[in-house]
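Next up, query24.pdb (PDB, C-alpha atoms, pLDDT in the B column):
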MODEL        1
ATOM      1  CA  THR A   1      -8.202 151.896 238.423  1.00 76.00           C
ATOM      2  CA  ALA A   2      -7.542 154.029 235.346  1.00 89.00           C
ATOM      3  CA  LEU A   3      -5.147 156.191 237.359  1.00 93.00           C
ATOM      4  CA  LEU A   4      -3.401 153.165 238.837  1.00 94.00           C
ATOM      5  CA  ARG A   5      -2.697 151.840 235.345  1.00 93.00           C
ATOM      6  CA  GLN A   6      -0.897 155.143 234.699  1.00 96.00           C
ATOM      7  CA  THR A   7       1.152 154.926 237.898  1.00 97.00           C
ATOM      8  CA  VAL A   8       4.439 153.356 238.936  1.00 97.00           C
ATOM      9  CA  VAL A   9       5.692 152.813 242.492  1.00 97.00           C
ATOM     10  CA  LEU A  10       9.427 153.446 242.701  1.00 97.00           C
ATOM     11  CA  LYS A  11      11.486 152.411 245.709  1.00 96.00           C
ATOM     12  CA  LEU A  12      14.910 153.976 246.237  1.00 95.00           C
ATOM     13  CA  ASN A  13      17.131 151.034 247.094  1.00 92.00           C
ATOM     14  CA  GLY A  14      20.727 152.130 246.556  1.00 86.00           C
ATOM     15  CA  GLY A  15      21.871 152.119 250.164  1.00 81.00           C
ATOM     16  CA  LEU A  16      23.815 149.375 251.923  1.00 74.00           C
ATOM     17  CA  GLY A  17      22.873 148.479 255.473  1.00 68.00           C
ATOM     18  CA  THR A  18      26.433 148.752 256.769  1.00 67.00           C
ATOM     19  CA  GLY A  19      25.284 150.683 259.831  1.00 67.00           C
ATOM     20  CA  MET A  20      23.044 147.721 260.684  1.00 67.00           C
ATOM     21  CA  GLY A  21      25.723 145.087 260.214  1.00 68.00           C
ATOM     22  CA  LEU A  22      24.811 144.215 256.615  1.00 67.00           C
ATOM     23  CA  ASP A  23      27.017 144.062 253.554  1.00 72.00           C
ATOM     24  CA  LYS A  24      24.038 144.100 251.192  1.00 79.00           C
ATOM     25  CA  ALA A  25      20.969 146.229 250.502  1.00 86.00           C
ATOM     26  CA  LYS A  26      19.376 147.774 253.586  1.00 87.00           C
ATOM     27  CA  SER A  27      15.991 146.555 252.358  1.00 91.00           C
ATOM     28  CA  LEU A  28      17.131 142.939 252.899  1.00 91.00           C
ATOM     29  CA  LEU A  29      17.215 143.435 256.666  1.00 88.00           C
ATOM     30  CA  PRO A  30      14.682 141.088 258.339  1.00 89.00           C
ATOM     31  CA  VAL A  31      11.669 142.872 259.801  1.00 92.00           C
ATOM     32  CA  THR A  32       9.611 139.876 260.908  1.00 90.00           C
ATOM     33  CA  LYS A  33      10.562 136.206 261.137  1.00 84.00           C
ATOM     34  CA  ASP A  34       9.929 135.507 257.455  1.00 89.00           C
ATOM     35  CA  ASN A  35       9.954 138.959 255.857  1.00 95.00           C
ATOM     36  CA  THR A  36      12.560 141.548 254.956  1.00 94.00           C
ATOM     37  CA  PHE A  37      11.708 145.144 254.085  1.00 94.00           C
ATOM     38  CA  LEU A  38      11.765 144.099 250.429  1.00 95.00           C
ATOM     39  CA  ASP A  39       9.381 141.182 251.015  1.00 96.00           C
ATOM     40  CA  LEU A  40       6.872 143.461 252.686  1.00 96.00           C
ATOM     41  CA  LEU A  41       7.172 146.063 249.923  1.00 95.00           C
ATOM     42  CA  ALA A  42       6.516 143.423 247.265  1.00 96.00           C
ATOM     43  CA  LYS A  43       3.525 142.130 249.211  1.00 95.00           C
ATOM     44  CA  GLN A  44       2.153 145.667 249.597  1.00 95.00           C
ATOM     45  CA  VAL A  45       2.188 146.090 245.823  1.00 94.00           C
ATOM     46  CA  ARG A  46       0.653 142.637 245.343  1.00 94.00           C
ATOM     47  CA  SER A  47      -2.119 143.569 247.761  1.00 94.00           C
ATOM     48  CA  MET A  48      -2.926 146.805 245.907  1.00 93.00           C
ATOM     49  CA  LYS A  49      -2.950 145.029 242.543  1.00 92.00           C
ATOM     50  CA  ALA A  50      -5.428 142.507 243.921  1.00 92.00           C
ATOM     51  CA  GLU A  51      -7.593 145.039 245.765  1.00 92.00           C
ATOM     52  CA  PHE A  52      -8.016 147.387 242.815  1.00 91.00           C
ATOM     53  CA  GLN A  53      -7.690 144.800 240.033  1.00 91.00           C
ATOM     54  CA  ALA A  54      -5.163 147.038 238.314  1.00 89.00           C
ATOM     55  CA  ASP A  55      -1.755 146.475 236.772  1.00 88.00           C
ATOM     56  CA  LEU A  56       0.156 148.714 239.155  1.00 92.00           C
ATOM     57  CA  ARG A  57       3.816 148.860 238.138  1.00 95.00           C
ATOM     58  CA  PHE A  58       6.658 148.498 240.614  1.00 96.00           C
ATOM     59  CA  ILE A  59      10.351 149.276 240.114  1.00 97.00           C
ATOM     60  CA  VAL A  60      13.420 149.758 242.277  1.00 96.00           C
ATOM     61  CA  MET A  61      16.406 152.019 241.748  1.00 96.00           C
ATOM     62  CA  ASN A  62      19.410 149.968 242.790  1.00 93.00           C
ATOM     63  CA  SER A  63      23.076 150.864 243.003  1.00 89.00           C
ATOM     64  CA  PHE A  64      25.942 148.723 241.748  1.00 87.00           C
ATOM     65  CA  SER A  65      26.272 147.518 245.359  1.00 86.00           C
ATOM     66  CA  THR A  66      22.646 146.441 245.864  1.00 89.00           C
ATOM     67  CA  SER A  67      21.548 145.170 242.452  1.00 92.00           C
ATOM     68  CA  SER A  68      22.464 141.477 242.510  1.00 92.00           C
ATOM     69  CA  ASP A  69      21.200 140.730 246.036  1.00 93.00           C
ATOM     70  CA  THR A  70      17.994 142.700 245.504  1.00 95.00           C
ATOM     71  CA  MET A  71      17.104 141.088 242.190  1.00 95.00           C
ATOM     72  CA  ALA A  72      17.800 137.626 243.596  1.00 95.00           C
ATOM     73  CA  ALA A  73      15.382 138.378 246.440  1.00 95.00           C
ATOM     74  CA  LEU A  74      12.697 139.709 244.066  1.00 96.00           C
ATOM     75  CA  ALA A  75      12.883 136.578 241.911  1.00 95.00           C
ATOM     76  CA  LYS A  76      10.340 134.956 244.239  1.00 94.00           C
ATOM     77  CA  TYR A  77       7.731 137.482 243.040  1.00 95.00           C
ATOM     78  CA  PRO A  78       7.527 136.827 239.263  1.00 94.00           C
ATOM     79  CA  ASP A  79       4.049 138.372 239.091  1.00 92.00           C
ATOM     80  CA  LEU A  80       5.605 141.803 239.730  1.00 94.00           C
ATOM     81  CA  GLY A  81       7.544 141.675 236.461  1.00 90.00           C
ATOM     82  CA  SER A  82      10.778 140.513 234.893  1.00 90.00           C
ATOM     83  CA  ALA A  83      14.190 141.663 236.099  1.00 87.00           C
ATOM     84  CA  GLU A  84      14.374 144.143 233.207  1.00 88.00           C
ATOM     85  CA  GLN A  85      11.005 145.624 234.200  1.00 92.00           C
ATOM     86  CA  LEU A  86      11.761 145.816 237.904  1.00 95.00           C
ATOM     87  CA  GLU A  87      15.107 147.589 238.033  1.00 96.00           C
ATOM     88  CA  PHE A  88      17.247 150.427 236.830  1.00 95.00           C
ATOM     89  CA  LEU A  89      20.616 151.413 238.209  1.00 94.00           C
ATOM     90  CA  GLN A  90      21.678 154.733 239.580  1.00 92.00           C
ATOM     91  CA  ASN A  91      24.985 156.067 238.349  1.00 90.00           C
ATOM     92  CA  LYS A  92      28.269 155.728 240.185  1.00 85.00           C
ATOM     93  CA  ALA A  93      30.840 158.365 241.001  1.00 85.00           C
ATOM     94  CA  PRO A  94      34.599 157.912 241.449  1.00 86.00           C
ATOM     95  CA  LYS A  95      36.021 158.261 244.922  1.00 88.00           C
ATOM     96  CA  VAL A  96      38.840 160.794 245.137  1.00 89.00           C
ATOM     97  CA  THR A  97      41.860 161.118 247.376  1.00 88.00           C
ATOM     98  CA  SER A  98      41.747 163.591 250.259  1.00 86.00           C
ATOM     99  CA  ASP A  99      45.011 165.280 249.323  1.00 87.00           C
ATOM    100  CA  GLY A 100      44.970 165.966 245.585  1.00 82.00           C
ATOM    101  CA  HIS A 101      41.376 164.948 244.778  1.00 86.00           C
ATOM    102  CA  ALA A 102      42.635 162.514 242.154  1.00 88.00           C
ATOM    103  CA  PRO A 103      40.622 159.341 241.380  1.00 88.00           C
ATOM    104  CA  ALA A 104      41.247 156.780 244.129  1.00 87.00           C
ATOM    105  CA  ASP A 105      43.171 153.639 243.239  1.00 88.00           C
ATOM    106  CA  TRP A 106      42.384 150.317 244.964  1.00 87.00           C
ATOM    107  CA  PRO A 107      43.813 147.483 242.818  1.00 88.00           C
ATOM    108  CA  SER A 108      42.860 144.678 245.217  1.00 89.00           C
ATOM    109  CA  LYS A 109      39.213 145.814 245.393  1.00 83.00           C
ATOM    110  CA  PRO A 110      38.370 147.906 242.305  1.00 82.00           C
ATOM    111  CA  GLY A 111      34.750 148.146 243.415  1.00 77.00           C
ATOM    112  CA  ASN A 112      35.864 150.299 246.324  1.00 80.00           C
ATOM    113  CA  GLU A 113      37.038 152.965 243.867  1.00 83.00           C
ATOM    114  CA  TRP A 114      33.414 153.968 243.255  1.00 82.00           C
ATOM    115  CA  CYS A 115      30.470 155.203 245.281  1.00 79.00           C
ATOM    116  CA  PRO A 116      26.770 155.733 244.524  1.00 75.00           C
ATOM    117  CA  PRO A 117      25.896 159.443 244.216  1.00 77.00           C
ATOM    118  CA  GLY A 118      22.788 159.208 246.408  1.00 76.00           C
ATOM    119  CA  HIS A 119      19.060 159.109 245.839  1.00 75.00           C
ATOM    120  CA  GLY A 120      19.033 162.543 244.191  1.00 81.00           C
ATOM    121  CA  ASP A 121      20.444 160.743 241.176  1.00 88.00           C
ATOM    122  CA  VAL A 122      17.011 159.242 240.481  1.00 94.00           C
ATOM    123  CA  TYR A 123      16.121 161.752 237.763  1.00 95.00           C
ATOM    124  CA  PRO A 124      19.297 161.602 235.624  1.00 94.00           C
ATOM    125  CA  ALA A 125      19.449 157.824 236.185  1.00 95.00           C
ATOM    126  CA  MET A 126      15.894 157.391 234.906  1.00 96.00           C
ATOM    127  CA  LEU A 127      16.693 159.454 231.843  1.00 96.00           C
ATOM    128  CA  GLY A 128      20.088 157.928 231.109  1.00 95.00           C
ATOM    129  CA  SER A 129      18.904 154.331 231.559  1.00 95.00           C
ATOM    130  CA  GLY A 130      15.946 154.822 229.238  1.00 96.00           C
ATOM    131  CA  THR A 131      13.519 154.026 232.072  1.00 97.00           C
ATOM    132  CA  LEU A 132      11.723 157.360 231.780  1.00 98.00           C
ATOM    133  CA  ASP A 133      11.049 156.872 228.068  1.00 97.00           C
ATOM    134  CA  ARG A 134       9.961 153.250 228.541  1.00 97.00           C
ATOM    135  CA  LEU A 135       7.446 154.208 231.214  1.00 97.00           C
ATOM    136  CA  LEU A 136       6.006 157.031 229.143  1.00 98.00           C
ATOM    137  CA  GLU A 137       5.724 154.781 226.092  1.00 97.00           C
ATOM    138  CA  ALA A 138       3.820 152.280 228.245  1.00 96.00           C
ATOM    139  CA  GLY A 139       1.296 154.967 229.201  1.00 96.00           C
ATOM    140  CA  VAL A 140       2.660 155.634 232.692  1.00 97.00           C
ATOM    141  CA  ARG A 141       2.416 159.265 233.752  1.00 97.00           C
ATOM    142  CA  TYR A 142       2.534 159.359 237.569  1.00 98.00           C
ATOM    143  CA  MET A 143       5.309 158.110 239.823  1.00 98.00           C
ATOM    144  CA  PHE A 144       5.281 157.628 243.587  1.00 97.00           C
ATOM    145  CA  VAL A 145       8.799 157.608 245.047  1.00 97.00           C
ATOM    146  CA  SER A 146       9.834 156.552 248.544  1.00 95.00           C
ATOM    147  CA  ASN A 147      12.710 154.927 250.426  1.00 92.00           C
ATOM    148  CA  SER A 148      12.835 151.131 250.469  1.00 93.00           C
ATOM    149  CA  ASP A 149      13.244 151.030 254.260  1.00 88.00           C
ATOM    150  CA  ASN A 150      10.093 153.080 254.873  1.00 90.00           C
ATOM    151  CA  LEU A 151       7.258 150.584 255.234  1.00 90.00           C
ATOM    152  CA  GLY A 152       4.828 153.359 256.123  1.00 89.00           C
ATOM    153  CA  ALA A 153       5.257 154.894 252.670  1.00 91.00           C
ATOM    154  CA  THR A 154       2.391 153.105 250.962  1.00 91.00           C
ATOM    155  CA  MET A 155       0.810 154.630 247.883  1.00 91.00           C
ATOM    156  CA  ASP A 156      -2.433 156.374 248.851  1.00 93.00           C
ATOM    157  CA  VAL A 157      -4.987 156.435 246.041  1.00 94.00           C
ATOM    158  CA  LYS A 158      -6.560 159.585 247.501  1.00 95.00           C
ATOM    159  CA  ILE A 159      -3.231 161.414 247.251  1.00 96.00           C
ATOM    160  CA  LEU A 160      -2.684 160.052 243.740  1.00 97.00           C
ATOM    161  CA  THR A 161      -6.090 161.376 242.700  1.00 97.00           C
ATOM    162  CA  GLU A 162      -5.389 164.785 244.256  1.00 97.00           C
ATOM    163  CA  PHE A 163      -1.993 164.948 242.545  1.00 98.00           C
ATOM    164  CA  ALA A 164      -3.430 164.027 239.138  1.00 97.00           C
ATOM    165  CA  ASN A 165      -6.282 166.535 239.476  1.00 97.00           C
ATOM    166  CA  SER A 166      -3.941 169.317 240.609  1.00 97.00           C
ATOM    167  CA  GLY A 167      -1.891 169.326 237.415  1.00 96.00           C
ATOM    168  CA  ALA A 168       1.234 169.913 239.525  1.00 96.00           C
ATOM    169  CA  PRO A 169       4.502 168.535 238.148  1.00 96.00           C
ATOM    170  CA  PHE A 170       5.812 167.549 241.592  1.00 95.00           C
ATOM    171  CA  MET A 171       4.487 167.012 245.091  1.00 95.00           C
ATOM    172  CA  MET A 172       6.238 166.188 248.352  1.00 92.00           C
ATOM    173  CA  GLU A 173       4.644 164.569 251.393  1.00 93.00           C
ATOM    174  CA  VAL A 174       5.782 166.370 254.539  1.00 89.00           C
ATOM    175  CA  ALA A 175       5.170 165.880 258.258  1.00 88.00           C
ATOM    176  CA  ASP A 176       5.526 167.867 261.456  1.00 88.00           C
ATOM    177  CA  ARG A 177       9.101 167.829 262.709  1.00 85.00           C
ATOM    178  CA  THR A 178       9.920 166.244 266.046  1.00 82.00           C
ATOM    179  CA  GLU A 179      13.164 166.074 268.004  1.00 80.00           C
ATOM    180  CA  ALA A 180      14.039 162.928 266.070  1.00 79.00           C
ATOM    181  CA  ASP A 181      13.822 164.826 262.776  1.00 77.00           C
ATOM    182  CA  LYS A 182      15.799 167.934 263.605  1.00 74.00           C
ATOM    183  CA  LYS A 183      18.845 166.926 261.553  1.00 73.00           C
ATOM    184  CA  GLY A 184      16.826 166.136 258.426  1.00 73.00           C
ATOM    185  CA  GLY A 185      15.906 168.412 255.550  1.00 80.00           C
ATOM    186  CA  HIS A 186      13.094 170.905 256.022  1.00 82.00           C
ATOM    187  CA  LEU A 187      10.933 173.145 253.889  1.00 83.00           C
ATOM    188  CA  ALA A 188      11.852 176.796 253.576  1.00 83.00           C
ATOM    189  CA  ARG A 189      11.067 179.763 251.345  1.00 86.00           C
ATOM    190  CA  LYS A 190      13.637 181.395 249.118  1.00 88.00           C
ATOM    191  CA  LYS A 191      13.725 185.084 250.029  1.00 88.00           C
ATOM    192  CA  ALA A 192      14.321 186.239 246.456  1.00 93.00           C
ATOM    193  CA  THR A 193      11.288 184.477 244.964  1.00 94.00           C
ATOM    194  CA  GLY A 194       9.105 183.363 247.869  1.00 91.00           C
ATOM    195  CA  LYS A 195       9.038 179.854 246.403  1.00 90.00           C
ATOM    196  CA  LEU A 196       9.280 176.719 248.507  1.00 87.00           C
ATOM    197  CA  LEU A 197      12.542 174.802 248.564  1.00 86.00           C
ATOM    198  CA  LEU A 198      14.037 171.864 250.413  1.00 86.00           C
ATOM    199  CA  ARG A 199      16.951 172.806 252.643  1.00 85.00           C
ATOM    200  CA  GLU A 200      19.265 169.982 253.671  1.00 84.00           C
ATOM    201  CA  THR A 201      21.772 169.837 256.523  1.00 83.00           C
ATOM    202  CA  ALA A 202      24.702 170.097 254.117  1.00 82.00           C
ATOM    203  CA  GLN A 203      23.360 173.442 252.867  1.00 84.00           C
ATOM    204  CA  CYS A 204      23.249 174.966 256.338  1.00 84.00           C
ATOM    205  CA  PRO A 205      26.133 177.191 257.538  1.00 88.00           C
ATOM    206  CA  VAL A 206      27.557 176.206 260.926  1.00 88.00           C
ATOM    207  CA  GLN A 207      26.350 179.437 262.519  1.00 91.00           C
ATOM    208  CA  ASP A 208      22.755 178.642 261.495  1.00 87.00           C
ATOM    209  CA  GLU A 209      22.621 175.077 262.833  1.00 86.00           C
ATOM    210  CA  THR A 210      20.680 175.961 265.983  1.00 86.00           C
ATOM    211  CA  ALA A 211      17.952 177.710 263.992  1.00 85.00           C
ATOM    212  CA  PHE A 212      18.020 174.934 261.372  1.00 84.00           C
ATOM    213  CA  GLN A 213      17.197 172.345 264.043  1.00 84.00           C
ATOM    214  CA  ASP A 214      14.540 174.460 265.770  1.00 84.00           C
ATOM    215  CA  SER A 215      11.175 172.901 264.921  1.00 82.00           C
ATOM    216  CA  ALA A 216       9.418 176.090 266.074  1.00 82.00           C
ATOM    217  CA  ILE A 217      11.078 177.935 263.164  1.00 82.00           C
ATOM    218  CA  CYS A 218      11.127 175.191 260.530  1.00 81.00           C
ATOM    219  CA  TRP A 219       8.251 172.886 261.373  1.00 84.00           C
ATOM    220  CA  TYR A 220       7.878 170.633 258.315  1.00 85.00           C
ATOM    221  CA  PHE A 221      10.342 167.954 257.278  1.00 84.00           C
ATOM    222  CA  ASN A 222      10.633 166.021 254.049  1.00 86.00           C
ATOM    223  CA  THR A 223       9.460 162.398 254.317  1.00 87.00           C
ATOM    224  CA  ASN A 224      11.032 161.696 250.894  1.00 88.00           C
ATOM    225  CA  ASN A 225       7.655 160.420 249.706  1.00 93.00           C
ATOM    226  CA  LEU A 226       7.463 162.162 246.356  1.00 96.00           C
ATOM    227  CA  TRP A 227       5.000 162.373 243.478  1.00 97.00           C
ATOM    228  CA  VAL A 228       6.285 163.148 239.994  1.00 98.00           C
ATOM    229  CA  ASP A 229       4.489 163.807 236.709  1.00 98.00           C
ATOM    230  CA  LEU A 230       6.696 161.951 234.233  1.00 98.00           C
ATOM    231  CA  LYS A 231       5.502 164.039 231.281  1.00 98.00           C
ATOM    232  CA  ALA A 232       6.610 167.172 233.107  1.00 97.00           C
ATOM    233  CA  LEU A 233       9.927 165.526 233.989  1.00 97.00           C
ATOM    234  CA  LYS A 234      10.544 164.600 230.358  1.00 97.00           C
ATOM    235  CA  ALA A 235       9.814 168.185 229.291  1.00 96.00           C
ATOM    236  CA  LEU A 236      12.589 169.639 231.446  1.00 91.00           C
TER
ENDMDL
END
Take the structure from the file and write it as structure tokens.
Amino acid sequence: TALLRQTVVLKLNGGLGTGMGLDKAKSLLPVTKDNTFLDLLAKQVRSMKAEFQADLRFIVMNSFSTSSDTMAALAKYPDLGSAEQLEFLQNKAPKVTSDGHAPADWPSKPGNEWCPPGHGDVYPAMLGSGTLDRLLEAGVRYMFVSNSDNLGATMDVKILTEFANSGAPFMMEVADRTEADKKGGHLARKKATGKLLLRETAQCPVQDETAFQDSAICWYFNTNNLWVDLKALKAL
């Protein structure tokens, strides 16, 4: 329980479910009759708090598009914390025109002039919002990060213990690639240093796409379940 008191569960919740017919956060898609993704995530955290009798912290990184709907949905779980404790916002980037790359202008819908920069913004957003400093001041050192639409990404105390004992600043949970994962990012080694890196589809030249998608060559993919030592992050 001592480790759990030093840990925060962060769910990345900046994406809209437009591909699923939603105009709000993807995590608000119903999964069962009475539960959305977000409901089940909140109940998972509640269950861990009760099982281990520990004040496990829970926060979401929202975008300007998902904040209001998400926080309204989380209001039914006051035991998880206040709105200020539960959320920080990722940044937003201006959309640009395809011809001259000037900032896009949409007077009738100004909100459409902006877009969220993606989940990779989690680190600068934590720093810029003051969330990183607030967590450290509260004695939180370890952070488990996962996508809000991944219900299988529950925080495993055994992995938390291993991560804390390892002294590593960062750890990524990976899995064997299947045909369904061939377009996702995979682990690779940088030839110059031999160090591991994450290689995403956008970084792959067209001529290398066949090899990129070959699970016999690149056999681990990133689940986006991440562990971060916040002290190490602050020191960067």
Problem set entry | Residue IDs satisfying the PyMOL selection byres ((chain A and resi 154) around 10), as a PyMOL selection string | chain A and resi 9+41+44-45+48+144-146+150-153+155-157+225
For this session: Mind giving me the straight-line distance from CA of Lys43 (chain A) to CA of Glu137 (chain A) in Å, one decimal?
Result: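 One can read the CA of Lys43 (chain A) to CA of Glu137 (chain A) distance as 26.4 Å.
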For this session: Enter the distance from CA of Arg46 (chain A) to CA of Asp133 (chain A), in Å, rounded to one decimal.
Result: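 For CA of Arg46 (chain A) relative to CA of Asp133 (chain A), the distance reads 24.7 Å.
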Problem set entry | Interatomic distance (Å, one decimal) between CA of Asp39 (chain A) and CA of Leu74 (chain A) |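 The value is 7.8 Å.
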Using all atoms listed in the file, what does the table of region 72-187 of chain A residues within 8 Å of region 214-218 of chain A look like, with each row giving the shortest atom pair and its distance in Å to one decimal, sorted by chain and ascending number, as CSV?
residue,atom,partner,partner_atom,distance
A:Arg177,CA,A:Ser215,CA,5.9
A:Thr178,CA,A:Ser215,CA,6.9
A:Glu179,CA,A:Ser215,CA,7.8
A:Lys182,CA,A:Ser215,CA,6.9
A:His186,CA,A:Cys218,CA,6.5
A:Leu187,CA,A:Cys218,CA,7.0
Problem set entry | Counting all atoms listed in the file, the option among A:Met71, A:Leu198, A:Val60, A:Leu80 closest to Ser47 (chain A) |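 Looking only at the distances to Ser47 (chain A), the closest residue turns out to be A:Leu80.
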For this session: Name the residues that the PyMOL selection byres ((chain A and resi 120) around 12) pulls out of this structure, and write them as number ranges by chain.
Result: A: 12, 14, 61, 90-91, 116-119, 121-126, 145-147, 224, 226
Write to file, as a short mmCIF file (atom, residue, chain, number, x, y, z; two decimals), in the frame of the given file, the residues of the selection just made, with C-alpha atoms.
data_model
loop_
_atom_site.label_atom_id
_atom_site.label_comp_id
_atom_site.auth_asym_id
_atom_site.auth_seq_id
_atom_site.Cartn_x
_atom_site.Cartn_y
_atom_site.Cartn_z
CA LEU A 12 14.91 153.98 246.24
CA GLY A 14 20.73 152.13 246.56
CA MET A 61 16.41 152.02 241.75
CA GLN A 90 21.68 154.73 239.58
CA ASN A 91 24.98 156.07 238.35
CA PRO A 116 26.77 155.73 244.52
CA PRO A 117 25.90 159.44 244.22
CA GLY A 118 22.79 159.21 246.41
CA HIS A 119 19.06 159.11 245.84
CA ASP A 121 20.44 160.74 241.18
CA VAL A 122 17.01 159.24 240.48
CA TYR A 123 16.12 161.75 237.76
CA PRO A 124 19.30 161.60 235.62
CA ALA A 125 19.45 157.82 236.18
CA MET A 126 15.89 157.39 234.91
CA VAL A 145 8.80 157.61 245.05
CA SER A 146 9.83 156.55 248.54
CA ASN A 147 12.71 154.93 250.43
CA ASN A 224 11.03 161.70 250.89
CA LEU A 226 7.46 162.16 246.36
#
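What the PyMOL selection byres ((chain A and resi 7) around 8) picks from this file is Leu3, Leu4, Arg5, Gln6, Val8, Val9, Leu56, Arg57, Val140, Arg141, Tyr142, Met143 and Phe144 of chain A.
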For this session: Counting all atoms listed in the file, figure out which residue out of A:Phe64, A:Phe88, A:Tyr77, A:Trp227 gets nearest to Gly167 (chain A).
Result: A:Trp227
Seminar exercise, completed: For Ala180 (chain A), the closest of A:Thr193, A:Asn35, A:Gln213, A:Thr131 counting all atoms listed in the file is A:Gln213
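Of the listed residues A:Gln85, A:Val206, A:Asp149, A:Thr201, the one whose atoms come nearest to Val31 (chain A) is A:Asp149, with distances taken using all atoms listed in the file.
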Build an axis-aligned box that encloses every atom of region 65-84 of chain A listed in the file, pad it by 3 Å on each side, and report its centre and edge lengths in Å to one decimal, as AutoDock Vina command-line options.
--center_x 15.2 --center_y 141.2 --center_z 239.8 --size_x 28.2 --size_y 18.6 --size_z 19.2
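Compared by their closest atoms to Leu10 (chain A), and using only C-alpha atoms, the residues A:Asp99, A:Glu87, A:Asp105, A:Glu113 rank with A:Glu87 nearest.
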Where atoms are lacking, region 225-230 of chain A completed to all heavy atoms, as a short mmCIF file (atom, residue, chain, number, x, y, z; two decimals), in the coordinates of the input:
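Just written: out_24.cif:
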data_model
loop_
_atom_site.label_atom_id
_atom_site.label_comp_id
_atom_site.auth_asym_id
_atom_site.auth_seq_id
_atom_site.Cartn_x
_atom_site.Cartn_y
_atom_site.Cartn_z
N ASN A 225 8.73 161.02 250.49
CA ASN A 225 7.66 160.42 249.71
C ASN A 225 7.27 161.46 248.66
O ASN A 225 6.73 162.52 249.00
CB ASN A 225 6.45 160.09 250.58
CG ASN A 225 6.75 159.07 251.65
OD1 ASN A 225 7.82 158.47 251.66
ND2 ASN A 225 5.82 158.89 252.57
N LEU A 226 7.58 161.17 247.41
CA LEU A 226 7.46 162.16 246.36
C LEU A 226 6.52 161.69 245.25
O LEU A 226 6.43 160.50 244.97
CB LEU A 226 8.84 162.45 245.74
CG LEU A 226 9.97 162.75 246.72
CD1 LEU A 226 11.30 162.84 245.97
CD2 LEU A 226 9.69 164.03 247.49
N TRP A 227 5.85 162.65 244.63
CA TRP A 227 5.00 162.37 243.48
C TRP A 227 5.53 163.17 242.29
O TRP A 227 5.80 164.36 242.42
CB TRP A 227 3.56 162.77 243.77
CG TRP A 227 2.93 161.96 244.86
CD1 TRP A 227 3.02 162.17 246.21
CD2 TRP A 227 2.14 160.79 244.70
NE1 TRP A 227 2.33 161.21 246.89
CE2 TRP A 227 1.77 160.34 245.99
CE3 TRP A 227 1.68 160.07 243.59
CZ2 TRP A 227 0.97 159.22 246.20
CZ3 TRP A 227 0.89 158.95 243.79
CH2 TRP A 227 0.56 158.53 245.08
N VAL A 228 5.68 162.51 241.16
CA VAL A 228 6.28 163.15 239.99
C VAL A 228 5.42 162.88 238.76
O VAL A 228 5.01 161.74 238.53
CB VAL A 228 7.71 162.61 239.74
CG1 VAL A 228 8.33 163.31 238.54
CG2 VAL A 228 8.59 162.79 240.98
N ASP A 229 5.15 163.93 238.01
CA ASP A 229 4.49 163.81 236.71
C ASP A 229 5.59 163.53 235.68
O ASP A 229 6.44 164.40 235.42
CB ASP A 229 3.74 165.10 236.37
CG ASP A 229 2.97 165.02 235.07
OD1 ASP A 229 3.42 164.33 234.13
OD2 ASP A 229 1.91 165.67 234.96
N LEU A 230 5.61 162.34 235.12
CA LEU A 230 6.70 161.95 234.23
C LEU A 230 6.70 162.75 232.94
O LEU A 230 7.76 162.97 232.34
CB LEU A 230 6.63 160.45 233.95
CG LEU A 230 6.80 159.53 235.16
CD1 LEU A 230 6.77 158.07 234.74
CD2 LEU A 230 8.10 159.84 235.89
#
